[in-house]
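Listing of coords-v3.txt; format and content: compact mmCIF, C-alpha atoms and all ligand atoms.
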# COMPACT_ATOMS: atom_id res chain seq x y z
CA MET A 1 -10.33 21.66 -42.41
CA ASP A 2 -8.72 23.81 -39.73
CA ALA A 3 -5.31 22.21 -38.98
CA ARG A 4 -6.02 22.48 -35.27
CA ALA A 5 -8.96 20.10 -35.63
CA THR A 6 -6.67 17.16 -36.40
CA SER A 7 -3.95 17.74 -33.82
CA PRO A 8 -3.83 15.73 -30.58
CA ILE A 9 -6.10 17.08 -27.87
CA PRO A 10 -3.86 18.30 -25.04
CA VAL A 11 -3.92 16.77 -21.57
CA ALA A 12 -3.23 18.55 -18.29
CA SER A 13 0.44 18.92 -17.41
CA ARG A 14 -0.21 17.40 -13.95
CA ILE A 15 -0.54 13.99 -15.64
CA GLY A 16 3.23 14.06 -16.22
CA GLY A 17 3.76 13.63 -12.48
CA PHE A 18 1.15 10.92 -12.05
CA VAL A 19 3.19 7.74 -12.23
CA TYR A 20 2.09 4.34 -10.94
CA ALA A 21 4.86 1.91 -11.82
CA ILE A 22 3.01 -1.17 -10.49
CA ARG A 23 0.53 -0.96 -13.35
CA ASN A 24 2.63 1.02 -15.86
CA ILE A 25 5.13 -1.83 -16.12
CA VAL A 26 2.41 -4.15 -17.42
CA THR A 27 2.81 -2.50 -20.85
CA GLU A 28 6.27 -4.08 -20.99
CA ALA A 29 4.89 -7.43 -19.87
CA ARG A 30 2.28 -7.37 -22.66
CA LYS A 31 5.06 -6.95 -25.24
CA VAL A 32 6.84 -9.99 -23.81
CA GLU A 33 3.56 -11.95 -23.98
CA ALA A 34 2.99 -10.82 -27.57
CA ALA A 35 6.41 -12.29 -28.38
CA GLY A 36 5.13 -15.65 -27.12
CA ARG A 37 6.56 -15.91 -23.61
CA ARG A 38 4.38 -16.68 -20.58
CA VAL A 39 4.58 -13.89 -17.99
CA ARG A 40 4.41 -14.59 -14.26
CA TYR A 41 2.95 -11.46 -12.71
CA LEU A 42 4.53 -10.61 -9.37
CA ASN A 43 3.73 -6.93 -9.65
CA ILE A 44 0.29 -6.50 -8.05
CA GLY A 45 -0.64 -7.40 -4.50
CA ASP A 46 -3.91 -9.12 -5.36
CA PRO A 47 -4.39 -12.39 -3.42
CA ILE A 48 -7.39 -13.37 -5.57
CA THR A 49 -5.30 -13.82 -8.70
CA PHE A 50 -3.20 -16.37 -6.79
CA GLY A 51 -6.14 -18.54 -5.70
CA PHE A 52 -6.93 -17.09 -2.27
CA GLU A 53 -10.70 -16.76 -1.83
CA THR A 54 -13.03 -14.10 -0.48
CA PRO A 55 -14.73 -15.46 2.68
CA GLN A 56 -18.17 -16.86 1.89
CA HIS A 57 -20.00 -14.81 4.53
CA LEU A 58 -18.85 -11.59 2.86
CA ILE A 59 -20.09 -12.75 -0.53
CA GLU A 60 -23.41 -13.67 1.07
CA ALA A 61 -23.68 -10.23 2.73
CA VAL A 62 -23.25 -8.47 -0.63
CA ASP A 63 -25.58 -10.93 -2.34
CA ARG A 64 -28.26 -10.38 0.32
CA ALA A 65 -27.91 -6.60 0.06
CA ILE A 66 -28.27 -6.62 -3.73
CA ARG A 67 -31.27 -8.98 -3.64
CA ALA A 68 -32.89 -6.90 -0.92
CA GLY A 69 -32.75 -3.90 -3.24
CA GLN A 70 -29.87 -2.05 -1.54
CA ASN A 71 -28.77 -0.81 -4.96
CA GLY A 72 -29.37 2.90 -4.62
CA TYR A 73 -26.87 5.53 -3.58
CA ALA A 74 -25.64 5.03 -0.04
CA PRO A 75 -25.12 8.07 2.23
CA SER A 76 -21.92 9.82 1.12
CA VAL A 77 -20.20 8.98 4.43
CA GLY A 78 -21.40 5.37 4.18
CA ILE A 79 -24.21 3.35 5.77
CA LEU A 80 -24.49 3.66 9.55
CA ALA A 81 -24.07 -0.08 10.22
CA ALA A 82 -20.70 -0.12 8.40
CA ARG A 83 -19.53 3.04 10.16
CA GLU A 84 -20.52 1.55 13.51
CA ALA A 85 -18.62 -1.63 12.67
CA VAL A 86 -15.52 0.40 11.75
CA ALA A 87 -15.79 2.48 14.93
CA ALA A 88 -16.03 -0.72 17.02
CA GLU A 89 -13.03 -2.16 15.20
CA CYS A 90 -11.01 1.04 15.78
CA ASP A 91 -11.97 0.85 19.45
CA ARG A 92 -10.77 -2.78 19.67
CA ARG A 93 -7.49 -1.74 18.05
CA GLY A 94 -6.99 1.05 20.58
CA MET A 95 -8.23 4.08 18.62
CA PRO A 96 -11.65 5.01 20.04
CA VAL A 97 -13.73 7.05 17.56
CA SER A 98 -17.46 7.61 17.16
CA PRO A 99 -19.16 6.46 13.94
CA ASP A 100 -19.58 10.08 12.83
CA ARG A 101 -15.76 10.28 12.51
CA VAL A 102 -15.74 7.36 10.07
CA VAL A 103 -16.14 7.70 6.29
CA ILE A 104 -16.66 4.65 4.08
CA THR A 105 -14.49 4.94 0.96
CA SER A 106 -13.82 3.18 -2.32
CA GLY A 107 -10.81 1.37 -0.90
CA THR A 108 -7.98 2.77 1.14
CA SER A 109 -6.97 4.54 -2.06
CA GLU A 110 -9.95 6.87 -2.08
CA GLY A 111 -9.48 7.65 1.62
CA ILE A 112 -5.88 8.66 0.96
CA GLU A 113 -6.93 10.86 -1.95
CA LEU A 114 -9.73 12.52 0.08
CA ALA A 115 -7.43 13.20 3.02
CA LEU A 116 -4.55 14.61 0.98
CA THR A 117 -6.95 16.76 -1.06
CA ALA A 118 -8.54 18.07 2.14
CA LEU A 119 -5.22 18.83 3.84
CA ALA A 120 -2.63 20.05 1.34
CA GLU A 121 -2.56 23.18 -0.80
CA ALA A 122 -0.47 23.36 -3.95
CA GLY A 123 3.14 23.83 -2.81
CA ASP A 124 2.57 22.32 0.66
CA GLU A 125 4.74 19.45 1.86
CA VAL A 126 3.77 15.95 2.92
CA LEU A 127 6.30 13.59 4.52
CA ILE A 128 6.32 10.24 2.75
CA PRO A 129 8.46 7.15 3.43
CA VAL A 130 10.92 5.98 0.84
CA PRO A 131 10.44 3.39 -0.50
CA THR A 132 6.79 4.37 -0.65
CA TYR A 133 3.50 3.03 -1.88
CA PRO A 134 3.32 5.02 -5.13
CA LEU A 135 -0.25 6.28 -4.76
CA TYR A 136 0.98 8.92 -2.33
CA THR A 137 3.37 10.56 -4.77
CA ALA A 138 0.84 10.23 -7.59
CA VAL A 139 -1.94 11.98 -5.66
CA LEU A 140 0.42 14.70 -4.44
CA ALA A 141 1.52 15.31 -8.02
CA LYS A 142 -2.13 15.65 -8.97
CA ILE A 143 -2.92 18.24 -6.32
CA GLY A 144 0.38 20.07 -6.84
CA ALA A 145 1.72 19.42 -3.31
CA ARG A 146 5.26 18.25 -2.65
CA ALA A 147 6.23 14.75 -1.53
CA VAL A 148 9.16 15.08 0.89
CA PHE A 149 10.79 11.68 1.33
CA TYR A 150 12.02 10.35 4.65
CA ARG A 151 14.39 7.37 4.69
CA THR A 152 13.54 3.94 5.90
CA ASP A 153 16.70 1.95 6.40
CA PRO A 154 17.24 -1.58 5.02
CA ASP A 155 20.24 -2.00 7.31
CA ARG A 156 17.91 -1.57 10.30
CA GLY A 157 15.05 -3.78 9.13
CA TRP A 158 13.55 -0.97 7.02
CA MET A 159 12.79 1.18 10.08
CA PRO A 160 12.03 4.87 9.54
CA ASP A 161 15.05 7.11 10.19
CA LEU A 162 13.54 9.31 12.90
CA GLU A 163 16.34 11.89 12.78
CA HIS A 164 15.74 12.26 9.07
CA VAL A 165 11.99 12.70 9.59
CA ARG A 166 12.65 15.43 12.19
CA SER A 167 15.09 17.22 9.90
CA LEU A 168 12.52 17.46 7.11
CA ILE A 169 9.75 19.16 9.09
CA THR A 170 9.13 22.76 7.98
CA PRO A 171 6.30 25.28 8.41
CA ALA A 172 4.92 23.95 5.10
CA THR A 173 4.57 20.35 6.39
CA ARG A 174 0.91 19.35 6.28
CA ALA A 175 0.97 15.61 7.08
CA LEU A 176 3.20 12.64 7.87
CA VAL A 177 2.40 9.38 6.06
CA VAL A 178 3.20 6.15 7.92
CA ILE A 179 2.60 2.75 6.29
CA ASP A 180 2.74 0.09 9.00
CA PRO A 181 2.84 -2.83 8.23
CA ASN A 182 4.62 -1.64 5.15
CA ASN A 183 4.29 -2.10 1.44
CA PRO A 184 6.79 -2.43 -0.28
CA THR A 185 9.17 -3.57 2.48
CA GLY A 186 7.04 -5.99 4.53
CA ALA A 187 8.29 -4.34 7.76
CA THR A 188 6.25 -3.81 10.94
CA TYR A 189 7.36 -1.03 13.28
CA PRO A 190 8.06 -1.53 17.00
CA VAL A 191 6.18 0.51 19.55
CA GLU A 192 9.06 2.98 20.16
CA ILE A 193 9.17 3.97 16.48
CA ARG A 194 5.40 4.33 16.32
CA ARG A 195 5.40 6.41 19.50
CA ALA A 196 8.10 8.74 18.16
CA LEU A 197 6.19 9.27 14.90
CA VAL A 198 2.85 9.97 16.62
CA GLU A 199 4.52 12.35 19.06
CA LEU A 200 6.17 14.26 16.22
CA ALA A 201 2.83 14.75 14.46
CA ASP A 202 1.18 15.70 17.74
CA ARG A 203 3.84 18.20 18.74
CA HIS A 204 4.09 19.84 15.33
CA ASN A 205 0.31 19.82 14.89
CA PHE A 206 -0.06 18.02 11.59
CA PRO A 207 -1.96 14.76 11.10
CA LEU A 208 -0.28 11.41 10.92
CA LEU A 209 -1.89 9.56 8.00
CA ALA A 210 -1.81 5.94 9.16
CA ASP A 211 -2.03 3.48 6.28
CA GLU A 212 -3.09 0.34 8.16
CA VAL A 213 -4.34 -1.77 5.29
CA TYR A 214 -2.02 -4.65 6.36
CA ALA A 215 -2.69 -4.38 10.13
CA ASP A 216 -4.24 -7.86 10.30
CA LEU A 217 -1.51 -9.45 8.18
CA ALA A 218 1.50 -9.23 10.50
CA PHE A 219 2.71 -12.83 10.80
CA ASP A 220 2.57 -12.66 14.62
CA GLY A 221 -1.07 -11.53 14.52
CA PRO A 222 -2.90 -8.22 14.12
CA VAL A 223 -1.05 -5.08 15.22
CA PRO A 224 -2.75 -2.31 17.24
CA ALA A 225 -3.72 1.01 15.66
CA ILE A 226 -0.82 3.44 15.28
CA ALA A 227 -2.92 5.88 17.32
CA ALA A 228 -3.34 3.37 20.18
CA GLY A 229 -2.51 5.04 23.46
CA TYR A 230 -2.70 8.54 21.96
CA PRO A 231 -6.39 9.47 22.00
CA ASP A 232 -5.65 13.19 21.61
CA ALA A 233 -3.11 12.92 18.79
CA PRO A 234 -4.14 13.95 15.26
CA VAL A 235 -4.26 10.66 13.35
CA ILE A 236 -6.31 9.60 10.34
CA SER A 237 -6.36 5.84 9.88
CA PHE A 238 -7.10 4.07 6.58
CA SER A 239 -7.95 0.48 5.78
CA SER A 240 -10.15 -1.73 3.62
CA LEU A 241 -11.43 -5.20 2.79
CA SER A 242 -8.87 -5.48 0.00
CA LYS A 243 -6.09 -7.42 1.69
CA ALA A 244 -7.03 -8.94 5.06
CA TYR A 245 -10.57 -9.75 3.84
CA LEU A 246 -9.52 -10.84 0.35
CA ALA A 247 -11.86 -8.58 -1.63
CA PRO A 248 -9.71 -6.01 -3.45
CA GLY A 249 -12.02 -5.66 -6.43
CA TRP A 250 -14.93 -4.56 -4.28
CA ARG A 251 -13.28 -1.24 -3.50
CA ALA A 252 -14.66 -1.31 0.03
CA GLY A 253 -12.63 0.72 2.52
CA TRP A 254 -12.85 3.23 5.31
CA MET A 255 -11.08 6.06 7.09
CA ALA A 256 -11.34 7.03 10.76
CA VAL A 257 -10.44 10.49 12.03
CA SER A 258 -9.15 10.55 15.61
CA SER A 259 -11.23 12.32 18.25
CA THR A 260 -9.16 15.46 18.69
CA PRO A 261 -11.11 18.66 17.90
CA ARG A 262 -7.97 19.78 16.02
CA LEU A 263 -9.16 17.50 13.20
CA ASP A 264 -12.78 18.67 13.14
CA ASP A 265 -12.20 21.00 10.18
CA ALA A 266 -10.31 18.28 8.30
CA LEU A 267 -13.19 15.86 8.95
CA GLY A 268 -15.66 18.48 7.66
CA ALA A 269 -13.55 19.01 4.54
CA ILE A 270 -13.29 15.26 3.91
CA LYS A 271 -17.07 14.88 4.24
CA LYS A 272 -17.61 17.77 1.83
CA LEU A 273 -15.36 16.06 -0.73
CA ALA A 274 -17.16 12.76 -0.06
CA ASP A 275 -20.50 14.44 -0.86
CA GLY A 276 -19.12 15.37 -4.29
CA ARG A 277 -18.48 11.76 -5.28
CA LEU A 278 -21.92 10.69 -3.94
CA CYS A 279 -20.93 7.44 -2.18
CA ALA A 280 -18.63 4.44 -2.08
CA THR A 281 -19.86 1.14 -3.58
CA GLY A 282 -23.23 0.63 -1.85
CA PRO A 283 -23.79 -3.15 -1.67
CA MET A 284 -20.18 -3.74 -0.61
CA GLU A 285 -20.67 -1.59 2.46
CA HIS A 286 -22.80 -4.43 3.84
CA ALA A 287 -19.74 -6.67 3.56
CA ILE A 288 -17.75 -4.23 5.73
CA THR A 289 -20.33 -4.74 8.46
CA ALA A 290 -20.23 -8.52 8.00
CA ALA A 291 -16.41 -8.58 7.94
CA LEU A 292 -15.72 -6.48 11.00
CA ASN A 293 -18.53 -7.96 13.11
CA GLY A 294 -18.04 -11.53 11.93
CA ASP A 295 -15.79 -14.55 11.74
CA ARG A 296 -12.13 -13.90 10.86
CA SER A 297 -10.77 -17.41 11.00
CA HIS A 298 -9.68 -17.16 7.33
CA GLN A 299 -7.00 -14.72 8.50
CA VAL A 300 -5.23 -17.39 10.56
CA ALA A 301 -4.71 -19.60 7.51
CA PHE A 302 -3.86 -16.61 5.33
CA ARG A 303 -1.18 -15.33 7.73
CA ALA A 304 0.34 -18.82 7.98
CA ALA A 305 0.42 -19.13 4.18
CA LEU A 306 2.09 -15.72 3.90
CA GLN A 307 4.66 -16.49 6.57
CA ALA A 308 5.67 -19.74 4.83
CA ARG A 309 6.08 -17.88 1.53
CA ALA A 310 8.04 -15.09 3.25
CA GLU A 311 10.47 -17.60 4.76
CA LEU A 312 10.95 -19.39 1.44
CA THR A 313 11.47 -16.06 -0.31
CA THR A 314 14.02 -14.75 2.18
CA GLN A 315 15.98 -17.97 2.24
CA ARG A 316 16.06 -18.45 -1.55
CA LEU A 317 16.87 -14.82 -2.41
CA ASN A 318 19.58 -14.43 0.22
CA ALA A 319 21.24 -17.55 -1.21
CA ILE A 320 21.75 -15.80 -4.57
CA ASP A 321 25.16 -14.13 -5.01
CA GLY A 322 24.64 -10.41 -5.49
CA ILE A 323 21.17 -10.26 -3.88
CA LYS A 324 20.25 -9.50 -0.29
CA VAL A 325 16.86 -9.11 1.29
CA VAL A 326 15.45 -8.13 4.68
CA ALA A 327 13.04 -10.79 5.98
CA PRO A 328 9.48 -9.40 5.91
CA THR A 329 7.36 -9.66 9.07
CA ALA A 330 3.98 -8.89 7.46
CA ALA A 331 1.96 -8.79 4.24
CA PHE A 332 3.19 -10.26 0.95
CA TYR A 333 6.01 -8.06 -0.28
CA VAL A 334 9.79 -7.99 -0.16
CA MET A 335 12.22 -5.43 -1.43
CA PRO A 336 15.43 -7.27 -2.38
CA GLN A 337 18.55 -5.41 -3.47
CA VAL A 338 20.81 -6.53 -6.28
CA THR A 339 24.33 -5.14 -6.35
CA LEU A 340 24.29 -3.50 -9.77
CA PRO A 341 27.34 -3.11 -11.95
CA PRO A 342 28.33 0.53 -12.59
CA GLY A 343 26.06 2.28 -15.09
CA LYS A 344 23.15 -0.16 -14.65
CA THR A 345 19.77 0.69 -13.14
CA ASP A 346 17.06 -1.20 -11.30
CA ALA A 347 14.91 -0.96 -14.46
CA ASP A 348 17.70 -2.59 -16.53
CA TYR A 349 17.67 -5.51 -14.12
CA VAL A 350 13.88 -5.84 -13.84
CA LEU A 351 13.22 -5.48 -17.57
CA GLY A 352 16.08 -7.85 -18.33
CA LEU A 353 14.56 -10.39 -15.94
CA LEU A 354 11.14 -9.97 -17.55
CA ARG A 355 12.45 -10.44 -21.09
CA ALA A 356 14.70 -13.37 -20.23
CA THR A 357 12.37 -15.31 -17.90
CA GLY A 358 8.85 -13.81 -18.03
CA VAL A 359 9.06 -12.95 -14.29
CA LEU A 360 7.54 -9.52 -13.70
CA CYS A 361 8.64 -7.55 -10.62
CA VAL A 362 8.61 -3.78 -10.14
CA TYR A 363 11.83 -1.71 -10.03
CA GLY A 364 12.51 0.12 -6.75
CA SER A 365 12.59 3.52 -8.45
CA GLY A 366 8.82 3.02 -8.95
CA PHE A 367 8.66 3.29 -5.15
CA GLY A 368 11.13 6.19 -4.89
CA THR A 369 14.48 4.44 -4.33
CA LYS A 370 17.48 5.47 -6.47
CA PRO A 371 17.73 3.58 -9.78
CA GLU A 372 21.41 2.75 -9.16
CA ASP A 373 20.64 1.24 -5.74
CA GLY A 374 19.22 -1.88 -7.37
CA PHE A 375 16.08 -2.42 -5.29
CA PHE A 376 13.10 -4.25 -6.72
CA ARG A 377 9.82 -5.47 -5.26
CA ILE A 378 8.45 -8.98 -5.35
CA VAL A 379 4.86 -9.93 -4.48
CA PHE A 380 5.19 -13.45 -3.02
CA LEU A 381 1.55 -14.60 -3.20
CA ALA A 382 2.19 -17.39 -5.73
CA SER A 383 2.24 -21.00 -4.47
CA PRO A 384 5.50 -22.18 -2.83
CA GLU A 385 6.09 -24.47 -5.86
CA ASP A 386 5.68 -21.59 -8.33
CA LEU A 387 7.80 -19.31 -6.17
CA SER A 388 10.51 -21.92 -5.99
CA SER A 389 10.70 -22.18 -9.76
CA ILE A 390 10.58 -18.37 -10.07
CA TYR A 391 13.52 -18.08 -7.66
CA ASP A 392 15.45 -20.64 -9.75
CA ASP A 393 14.90 -18.33 -12.73
CA ILE A 394 15.88 -15.23 -10.78
CA ALA A 395 19.07 -16.95 -9.59
CA GLU A 396 19.99 -18.02 -13.12
CA PHE A 397 19.22 -14.62 -14.62
CA THR A 398 21.11 -12.75 -11.89
CA ARG A 399 24.22 -14.87 -12.48
CA THR A 400 24.15 -14.05 -16.18
CA PHE A 401 23.28 -10.38 -15.66
CA LEU A 402 26.13 -9.81 -13.23
CA ARG A 403 28.62 -11.88 -15.23
CA ASN A 404 27.93 -10.11 -18.53
CA ALA A 405 27.85 -6.61 -17.07
C1 LIG B 501 0.16 0.49 1.48
C2 LIG B 501 -1.06 0.44 0.65
N1 LIG B 501 -1.99 1.39 0.81
C3 LIG B 501 -3.12 1.38 0.08
C4 LIG B 501 -3.37 0.42 -0.87
C5 LIG B 501 -4.64 0.48 -1.65
O1 LIG B 501 -5.54 -0.42 -1.15
P1 LIG B 501 -7.10 -0.41 -1.49
O2 LIG B 501 -7.36 -1.59 -2.36
O3 LIG B 501 -7.75 -0.52 -0.16
O4 LIG B 501 -7.41 0.88 -2.15
C6 LIG B 501 -2.44 -0.58 -1.08
C7 LIG B 501 -2.65 -1.60 -2.13
O5 LIG B 501 -1.80 -2.35 -2.49
C8 LIG B 501 -1.26 -0.58 -0.30
O6 LIG B 501 -0.33 -1.51 -0.46

Using structure tokens, write down the structure that the file contains.
Ligand SMILES: Cc1ncc(COP(=O)(O)O)c(C=O)c1O
Amino acid sequence: MDARATSPIPVASRIGGFVYAIRNIVTEARKVEAAGRRVRYLNIGDPITFGFETPQHLIEAVDRAIRAGQNGYAPSVGILAAREAVAAECDRRGMPVSPDRVVITSGTSEGIELALTALAEAGDEVLIPVPTYPLYTAVLAKIGARAVFYRTDPDRGWMPDLEHVRSLITPATRALVVIDPNNPTGATYPVEIRRALVELADRHNFPLLADEVYADLAFDGPVPAIAAGYPDAPVISFSSLSKAYLAPGWRAGWMAVSSTPRLDDALGAIKKLADGRLCATGPMEHAITAALNGDRSHQVAFRAALQARAELTTQRLNAIDGIKVVAPTAAFYVMPQVTLPPGKTDADYVLGLLRATGVLCVYGSGFGTKPEDGFFRIVFLASPEDLSSIYDDIAEFTRTFLRNA
């Protein structure tokens, strides 16, 4: 046989840059499980796995749609009723758009991928916060564009460093990504920071990509759209049913392109790309309509549950010698920092914690922070009792790790 016929089939080099630590780290957890230790997964922000439940009226909307035979391809931009519901929601949040500037997507994730693919050539630059949600860097690696990281500062409540953002803008800048409320830091940005970011995008004529998937999960109540008050600014907003409507597996999301004619070509390009993937998940689009037009009382209880967990988390982690954490104000993430001994990395700490206790977090370098800075991310969706015992284990492990270093 020809020797070539037995050699590994090559994969594209772009895969080398496609890294998604939140799921990649599970390989390590499986090894720990195979060795007989129970793993407590604090790596993925999925409320369902921690016992939170999808609201019944959304399940009924999908059930009704399926039984009524709504099982064919939907329009590639999404069904009109869902787009109208998204447009009305954007309007309520201060970003008026018509339904023809809304595209229904397979989660926020697909919207992000469509927008970046439509906007950035290979070699172009996109401003991304650090720490970041890793999908941004992964998609940019795939399309060959460059992620240019702007700092968010833990010493100032994880606020974006506006001077740093300004200093990074070049003629090759194609978009500015803002995640507010933020994963992985749990921060929400005050109006002055939001205003400065929108004005920068507006003045330099590139879109602000507003990741607003946690907008309803700020502990003080839903936050307005980042574009609110700036009807002529170029903003593309993304969200989904995944978090605030407790249906991440449905892959039901949307994007809304602000009304400025400057974004008409981008909207056209996004719709062209959307045609190529036929449609988002059809029956779930009916749940978008039900969610945005319907009862949201589940969010009150969900926010209260998250706030209680956030307070417990902040208090317990800050009480551990060698760890400090900024109190989150939204969502279900924190980004603590452990003071690492010289020569150690965030991965040494996180993998050590996993092997010693079965507690799985994600190292900060998976979100773009420096390995020696010692950041790691915790998803605090587990029950307060489970979290409390997890924080006992983290405290014990950290003592040993720092003592033996
Ligand atoms: C900031 C951020 N953006 C996007 C996503 C993806 O969400 P979706 O399930 O809507 O694709 C997540 C998921 O964790 C996220 O944290």

Which residues of range 280-325 of chain A have any atom within 10 Å of an atom in range 237-259 of chain A when counting only C-alpha atoms, and what is the closest pair of atoms for each, with the distance in Å to one decimal? Order the rows by chain and rising number and write it as CSV.
residue,atom,partner,partner_atom,distance
A:Ala280,CA,A:Ala252,CA,7.3
A:Thr281,CA,A:Ala252,CA,6.8
A:Gly282,CA,A:Ala252,CA,9.0
A:Pro283,CA,A:Trp250,CA,9.3
A:Met284,CA,A:Ala252,CA,6.1
A:Glu285,CA,A:Ala252,CA,6.5
A:His286,CA,A:Ala252,CA,9.5
A:Ala287,CA,A:Ala252,CA,8.2
A:Ile288,CA,A:Leu241,CA,7.0
A:Ala291,CA,A:Tyr245,CA,7.2
A:Leu292,CA,A:Leu241,CA,9.4
A:Arg296,CA,A:Tyr245,CA,8.3
A:His298,CA,A:Tyr245,CA,8.2
A:Gln299,CA,A:Ala244,CA,6.7
A:Phe302,CA,A:Ala244,CA,8.3
A:Arg303,CA,A:Ala244,CA,9.1

Need the neighbours of (22.3, -11.1, -1.0): which residues are at most 12 Å away, counting all atoms listed in the file, as a PDB file with C-alpha atoms, in the frame of the given file?
ATOM      1  CA  THR A 313      11.470 -16.060  -0.310  1.00  0.00           C
ATOM      2  CA  THR A 314      14.020 -14.750   2.180  1.00  0.00           C
ATOM      3  CA  GLN A 315      15.980 -17.970   2.240  1.00  0.00           C
ATOM      4  CA  ARG A 316      16.060 -18.450  -1.550  1.00  0.00           C
ATOM      5  CA  LEU A 317      16.870 -14.820  -2.410  1.00  0.00           C
ATOM      6  CA  ASN A 318      19.580 -14.430   0.220  1.00  0.00           C
ATOM      7  CA  ALA A 319      21.240 -17.550  -1.210  1.00  0.00           C
ATOM      8  CA  ILE A 320      21.750 -15.800  -4.570  1.00  0.00           C
ATOM      9  CA  ASP A 321      25.160 -14.130  -5.010  1.00  0.00           C
ATOM     10  CA  GLY A 322      24.640 -10.410  -5.490  1.00  0.00           C
ATOM     11  CA  ILE A 323      21.170 -10.260  -3.880  1.00  0.00           C
ATOM     12  CA  LYS A 324      20.250  -9.500  -0.290  1.00  0.00           C
ATOM     13  CA  VAL A 325      16.860  -9.110   1.290  1.00  0.00           C
ATOM     14  CA  VAL A 326      15.450  -8.130   4.680  1.00  0.00           C
ATOM     15  CA  ALA A 327      13.040 -10.790   5.980  1.00  0.00           C
ATOM     16  CA  MET A 335      12.220  -5.430  -1.430  1.00  0.00           C
ATOM     17  CA  PRO A 336      15.430  -7.270  -2.380  1.00  0.00           C
ATOM     18  CA  GLN A 337      18.550  -5.410  -3.470  1.00  0.00           C
ATOM     19  CA  VAL A 338      20.810  -6.530  -6.280  1.00  0.00           C
ATOM     20  CA  THR A 339      24.330  -5.140  -6.350  1.00  0.00           C
ATOM     21  CA  LEU A 340      24.290  -3.500  -9.770  1.00  0.00           C
ATOM     22  CA  GLY A 374      19.220  -1.880  -7.370  1.00  0.00           C
ATOM     23  CA  PHE A 375      16.080  -2.420  -5.290  1.00  0.00           C
ATOM     24  CA  ALA A 395      19.070 -16.950  -9.590  1.00  0.00           C
ATOM     25  CA  THR A 398      21.110 -12.750 -11.890  1.00  0.00           C
TER      26      THR A 398
END

Hey, what's within 9 Å of Cys90 in chain A if we count only C-alpha atoms and toss same-chain stuff fewer than 4 positions away? As an mmCIF file with C-alpha atoms, in the coordinates of the input, please?
data_model
loop_
_atom_site.group_PDB
_atom_site.id
_atom_site.type_symbol
_atom_site.label_atom_id
_atom_site.label_comp_id
_atom_site.auth_asym_id
_atom_site.auth_seq_id
_atom_site.Cartn_x
_atom_site.Cartn_y
_atom_site.Cartn_z
ATOM 1 C CA ALA A 85 -18.620 -1.630 12.670
ATOM 2 C CA VAL A 86 -15.520 0.400 11.750
ATOM 3 C CA GLY A 94 -6.990 1.050 20.580
ATOM 4 C CA MET A 95 -8.230 4.080 18.620
ATOM 5 C CA PRO A 96 -11.650 5.010 20.040
ATOM 6 C CA VAL A 97 -13.730 7.050 17.560
ATOM 7 C CA ALA A 225 -3.720 1.010 15.660
ATOM 8 C CA SER A 237 -6.360 5.840 9.880
ATOM 9 C CA ALA A 256 -11.340 7.030 10.760
#

For ligand LIG 501 (chain B), take all atoms listed in the file, fit an axis-aligned box around them, add 8 Å to each of the six sides, then output centre and edge lengths in Å rounded to one decimal, as lines of an AutoDock Vina configuration file.
center_x = -3.8
center_y = -0.5
center_z = -0.5
size_x = 23.9
size_y = 19.7
size_z = 20.0

Checklist entry - What gap, in Å, lies between CA of Leu200 in chain A and CA of Val178 in chain A? => result 12.0 Å

Checklist entry - Taking (8.5, -7.3, -7.0) in the file's coordinates as the center, which residues reach within 6 Å of it, counting all atoms listed in the file, put as a PyMOL selection string? => result chain A and resi 42-43+361-362+376-379

Next on the checklist: Neighbouring residues of Asp220 in chain A were defined as those with any atom within 12 Å, considering all atoms listed in the file; residues of the same chain fewer than 6 positions away were excluded. Please report them as a list in words.
Outcome noted: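 Residues near the query, excluding close chain neighbours: Pro181, Thr188, Gln299, Val300, Phe302, Arg303, Ala304, Leu306, Gln307, Pro328, Thr329, Ala330 and Ala331 of chain A.
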
Given the selection you just returned, output its residues as a file containing C-alpha atoms, formatted as a PDB file, in the coordinates of the input.
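Written output follows (out_22.pdb):
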ATOM      1  CA  PRO A 181       2.840  -2.830   8.230  1.00  0.00           C
ATOM      2  CA  THR A 188       6.250  -3.810  10.940  1.00  0.00           C
ATOM      3  CA  GLN A 299      -7.000 -14.720   8.500  1.00  0.00           C
ATOM      4  CA  VAL A 300      -5.230 -17.390  10.560  1.00  0.00           C
ATOM      5  CA  PHE A 302      -3.860 -16.610   5.330  1.00  0.00           C
ATOM      6  CA  ARG A 303      -1.180 -15.330   7.730  1.00  0.00           C
ATOM      7  CA  ALA A 304       0.340 -18.820   7.980  1.00  0.00           C
ATOM      8  CA  LEU A 306       2.090 -15.720   3.900  1.00  0.00           C
ATOM      9  CA  GLN A 307       4.660 -16.490   6.570  1.00  0.00           C
ATOM     10  CA  PRO A 328       9.480  -9.400   5.910  1.00  0.00           C
ATOM     11  CA  THR A 329       7.360  -9.660   9.070  1.00  0.00           C
ATOM     12  CA  ALA A 330       3.980  -8.890   7.460  1.00  0.00           C
ATOM     13  CA  ALA A 331       1.960  -8.790   4.240  1.00  0.00           C
TER      14      ALA A 331
END

Item to check | Point-to-point distance from CA of Phe18 in chain A to CA of Ile104 in chain A, Å rounded to tenths | outcome: 24.8 Å

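Minimum atom-to-atom distance to ligand LIG 501 (chain B), evaluated using all atoms listed in the file, belongs to A:Asp180 out of A:Glu385, A:Glu121, A:Glu84, A:Asp180.
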
Item to check | Residue nearest ligand LIG 501 (chain B) - candidates A:Thr117, A:Thr132, A:Thr54, A:Asn293, atoms counted: only C-alpha atoms and all ligand atoms | outcome: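 Nearest to ligand LIG 501 (chain B): A:Thr132.
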